[in-house]
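Colleague: Quick one: the structure is below, questions incoming.
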Amino acid sequence: VSQSNLLLIFDLVGIFVFALSGALEALPKALDVFGLVVIAGASSLGGGIVRDVLLGATPPAAFNDYRYLLAPLIAALVVFFLHDHVRRLAPLLTTLDAAGLALFSVAGAEKALRFNLGPLAAVGIAVITGIGGGIIRDVLLREVPRVLRKEIYAVASLVGASIVVAGDRMNFNRTVTALIGALIIFGIRMIAVLRKWNAPTASTRPAS
Amino acid sequence: VSQSNLLLIFDLVGIFVFALSGALEALPKALDVFGLVVIAGASSLGGGIVRDVLLGATPPAAFNDYRYLLAPLIAALVVFFLHDHVRRLAPLLTTLDAAGLALFSVAGAEKALRFNLGPLAAVGIAVITGIGGGIIRDVLLREVPRVLRKEIYAVASLVGASIVVAGDRMNFNRTVTALIGALIIFGIRMIAVLRKWNAPTASTRPAS
Amino acid sequence: VSQSNLLLIFDLVGIFVFALSGALEALPKALDVFGLVVIAGASSLGGGIVRDVLLGATPPAAFNDYRYLLAPLIAALVVFFLHDHVRRLAPLLTTLDAAGLALFSVAGAEKALRFNLGPLAAVGIAVITGIGGGIIRDVLLREVPRVLRKEIYAVASLVGASIVVAGDRMNFNRTVTALIGALIIFGIRMIAVLRKWNAPTASTRPAS
């Protein structure tokens with residue numbers, strides 16, 4: 001798989017799963033169909049748009065390829081028209097969201113490296129790509145952003161992105177490190193959810 | 001009217017009415033005069049700034065022409081100093097906001113077409129231009145964004161922007177389609193408000 | 001001090017104090033260590049990133065110099081591990097935040113002038129640089145943005161930025177006006193806090 005094809009596939013699959021999870025998360029809010037489209041679009045395109053704006057890659061990919069705009073539209077309509085069936089898939093929501101986080105973080109790291117950013121900056125862009133859409137969704141729905149809740153979320157993105165960036169510095173095969181990075185993000189996030197892992201908070205630490 | 005004059009007029013009138021409606025909406029929050037200026041500025045310039053950043057047209061028009069910055073300043077001061085008179089105009093708030101939505105959506109579509117975006121992307125930029133400032137205002141005021149409430153709002157923008165983009169593809173006269181598009185957005189939004197039209201929600205639909 | 005060194009120093013010190021004040025403000029929310037890093041980063045880098053995106057100076061400085069990313073990381077870890085000691089510094093929070101506002105507003109004005117923006121636009125960019133990070137922090141923490149509370153905040157930034165821009169028009173020494181502008185912002189903000197100065201609100205004014 002060529003590098004730019006890899007980026008496109010990661011982007012499109014990531015957009016679709018983030019759009020599904022965003023629309024599912026918005027279902028209890030009784031939005032109308034257009035509100036659902038707005039939330040699905042913000043959840044799934046927000047991270048990549050912020051990434052492209054920061055990289056100066058304007059107009060963002062989301063506006064250069066109609067498939068990027070179609071994906072959240074279809075996802076929102078699927079959730080709207082099949083909500084009774086889709087609702088039964090609620091346990092899937094966390095899994096879809098973890099997959100989106102993995103795909104977006106890796107795609108963000110890849111694109112930042114292609115724009116010749118330094119390693120720390122590439123990891124930063126990767127994490128912003130992974131968590132940006134979810135933050136915008138949570139702000140619009142007036143939820144506490146998931147990334148601030150006591151869950152392993154940003155850190156999973158951080159670990160996987162660091163692997164992709166380190167692999168690039170060591171000239172490892174790009175496709176292989178991308179897949180390894182994505183699997184590690186997905187794995188850390190899913191284990192954290194299943195085992196209810198939380199990172200330590202300042203108030204729960206013994207005083208130093 | 002030349003195309004770029006048309007864009008400027010639509011932008012400036014849109015900024016002024018959005019600034020007035022933003023400041024009026026913020027009045028009950030008892031902000032100070034500077035808070036009112038911030039809200040008027042965010043409501044009225046936010047959509048166009050986001051549009052220009054996405055198009056890579058930086059610095060955004062709002063920072064290239066002092067009239068763009070003066071308009072919300074004047075609107076905020078008018079609302080602040082004449083609030084008792086202005087308050088009586090509250091029924092006008094929805095009308096002003098609908099006018100702003102119409103002007104901004106059409107100006108957004110025009111500018112996106114001038115930057116050679118595809119039709120779907122141009123409609124997307126148009127809707128973001130139309131609803132962006134209001135979303136920023138509502139997030140700052142900690143309200144549920146109007147676009148997510150059960151009202152015909154984003155869809156009015158979507159319909160009018162589609163007309164402008166379709167007219168462009170068919171080489172219709174630009175000024176005429178811009179005016180038609182704006183009138184249709186304004187009309188749909190006003191009828192929706194007057195008749196309390198709502199788009200369907202997933203929970204009110206019969207199960208499929 | 002050369003102009004670009006001055007900008008770097010103002011930026012880095014501003015980032016560190018804003019990161020400290022952001023992390024301190026987030027402490028009562030019982031975020032985990034990564035949430036604290038996210039808030040420290042958003043508070044301290046947000047204003048400058050928005051400035052650079054608006055100026056078209058992408059990738060933003062924060063992604064071009066690893067020291068910009070290290071500063072909020074260190075600040076967040078300091079607050080996390082030394083929170084019992086740091087908490088005693090709570091009275092410092094307002095002072096740190098006022099210093100950050102001063103440094104960022106001046107750095108924003110300097111950079112906008114270097115990008116040849118007009119005076120009103122340069123002041124606008126300066127204020128956005130100064131208040132942007134705090135707005136993002138408050139939105140993420142679901143607080144009413146400080147800039148909308150009845151406090152002299154944006155206006156302090158406005159006055160100092162206007163001095164820097166006016167000094168530039170009159171060809172005064174850049175370093176001198178930068179320091180004067182920063183001291184005036186810091187001074188206005190601290191006096192406003194100590195004397196509980198508030199700007200007038202529409203509802204407290206006698207009707208006109």
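Ordered as shown in the structure tokens, chains take letters A, B, and onward, while each chain numbers its residues from 1 and ligands are numbered from 1 in the order shown.
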List the neighbours of C:Thr95 out to 9 Å using only C-alpha atoms; skip same-chain residues closer than 5 positions along the sequence, and give me the result as a ChimeraX atom specification.

Modeller: /C:21,100,186,189-190

Colleague: I need the residues from that last selection saved to file as a tab-separated table (two decimals), in the first residue's frame (with all heavy atoms), if you can.

Modeller:
chain	number	residue	atom	x	y	z
C	21	SER	N	-0.99	28.63	35.68
C	21	SER	CA	-2.28	29.11	36.17
C	21	SER	C	-3.42	28.24	35.66
C	21	SER	O	-4.39	27.98	36.37
C	21	SER	CB	-2.49	30.59	35.82
C	21	SER	OG	-2.95	30.75	34.50
C	100	GLY	N	0.69	36.43	32.36
C	100	GLY	CA	0.49	35.76	31.07
C	100	GLY	C	-0.29	36.63	30.10
C	100	GLY	O	0.07	36.76	28.92
C	186	PHE	N	-0.47	44.40	32.97
C	186	PHE	CA	-0.33	43.75	34.26
C	186	PHE	C	-0.88	44.64	35.37
C	186	PHE	O	-1.63	44.19	36.25
C	186	PHE	CB	1.14	43.42	34.51
C	186	PHE	CG	1.40	42.68	35.79
C	186	PHE	CD1	1.12	41.31	35.89
C	186	PHE	CD2	1.92	43.33	36.89
C	186	PHE	CE1	1.35	40.63	37.08
C	186	PHE	CE2	2.15	42.65	38.08
C	186	PHE	CZ	1.88	41.30	38.17
C	189	ARG	N	-4.80	45.03	35.26
C	189	ARG	CA	-5.46	43.78	35.68
C	189	ARG	C	-5.32	43.56	37.19
C	189	ARG	O	-6.28	43.21	37.87
C	189	ARG	CB	-4.84	42.61	34.90
C	189	ARG	CG	-5.32	41.25	35.32
C	189	ARG	CD	-6.74	40.96	34.88
C	189	ARG	NE	-7.22	39.71	35.47
C	189	ARG	CZ	-8.39	39.55	36.03
C	189	ARG	NH1	-9.27	40.53	36.02
C	189	ARG	NH2	-8.73	38.39	36.56
C	190	MET	N	-4.12	43.81	37.74
C	190	MET	CA	-3.91	43.58	39.18
C	190	MET	C	-4.71	44.57	40.02
C	190	MET	O	-5.30	44.20	41.03
C	190	MET	CB	-2.41	43.68	39.53
C	190	MET	CG	-1.57	42.52	39.01
C	190	MET	SD	-2.21	40.88	39.43
C	190	MET	CE	-2.00	40.88	41.23

Colleague: Could you work out which residues of chain B fall inside 6 Å of chain C? Count only C-alpha atoms, and format the result as a list in words.

Modeller: Ala30, Leu31, Asp32, Val33, Gly35, Thr58, Pro59, Phe63 and Phe80 of chain B

Colleague: Go through A:Arg67, A:Arg137, A:His83, A:Arg169 and flag the residue nearest A:Leu113, using only C-alpha atoms for the distances.

Modeller: A:Arg169

Colleague: Please identify all polymer residues within 12 Å of C:Ala166, counting only C-alpha atoms, omitting same-chain residues fewer than 2 positions from it, and present them as a list in words.

Modeller: Ala109, Glu110, Leu113, Gly118, Pro119, Leu120, Ala122, Val123, Leu158, Val159, Gly160, Ala161, Ser162, Ile163, Val164, Asp168, Arg169, Met170, Asn171, Phe172, Asn173, Arg174, Thr177, Ala178, Ile180 and Gly181 of chain C

Colleague: For C:Leu93, work out the shell of residues within 10 Å, counting only C-alpha atoms and skipping chain neighbours fewer than 6 positions away, then give it as number ranges by chain.

Modeller: C: 17-18, 20-25, 86-87, 99

Colleague: Determine which residues of stretch 12-201 of chain B DSSP labels as helix (DSSP H, G or I) from the backbone of this structure, then write them out as JSON, numbers by chain.

Modeller: {"B": [12, 13, 14, 15, 16, 17, 18, 19, 20, 21, 22, 23, 24, 25, 26, 27, 28, 29, 33, 34, 35, 36, 37, 38, 39, 40, 41, 42, 43, 44, 45, 46, 47, 48, 49, 50, 51, 52, 53, 54, 55, 61, 62, 63, 66, 67, 68, 69, 70, 71, 72, 73, 74, 75, 76, 77, 78, 79, 80, 81, 83, 84, 85, 86, 87, 90, 91, 92, 93, 94, 95, 96, 97, 98, 99, 100, 101, 102, 103, 104, 105, 106, 107, 108, 109, 110, 111, 112, 113, 114, 119, 120, 121, 122, 123, 124, 125, 126, 127, 128, 129, 130, 131, 132, 133, 134, 135, 136, 137, 138, 139, 140, 146, 147, 148, 154, 155, 156, 157, 158, 159, 160, 161, 162, 163, 164, 165, 166, 167, 168, 169, 174, 175, 176, 177, 178, 179, 180, 181, 182, 183, 184, 185, 186, 187, 188, 189, 190, 191, 192, 193, 194]}

Colleague: Pick the closest to C:Ile74 from C:Val176, C:Leu92, C:Ile15, C:Ala26: which is it, counting only C-alpha atoms?

Modeller: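 Smallest distance to C:Ile74 is found for C:Ile15.
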
Colleague: What separation in Å, quoted to one decimal, exists between atom CA of B:Ala156 and atom CA of B:Thr94?

Modeller: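 We find that atom CA of B:Ala156 and atom CA of B:Thr94 lie 13.9 Å from each other.
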
Colleague: To one decimal in Å, tell me the separation between atom CA of C:Val79 and atom CA of C:Gly41.

Modeller: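 Calculated distance between atom CA of C:Val79 and atom CA of C:Gly41 is 13.0 Å.
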
Colleague: Please provide the set of residues having any atom within 8 Å of stretch 3-12 of chain A, restricted to only C-alpha atoms, with same-chain residues fewer than 5 positions apart removed, written as a PyMOL selection string.

Modeller: chain A and resi 67-68+71+103-104+106-107+110-111+174-175

Colleague: Env of A:Ala75: 6 Å cut, atoms = only C-alpha atoms, seq-sep filter 3 positions within chain, self excluded. Answer as a list of chain:residue names.

Modeller: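 The residues satisfying every condition are A:Ala19, A:Leu20, A:Pro72, A:Val78.
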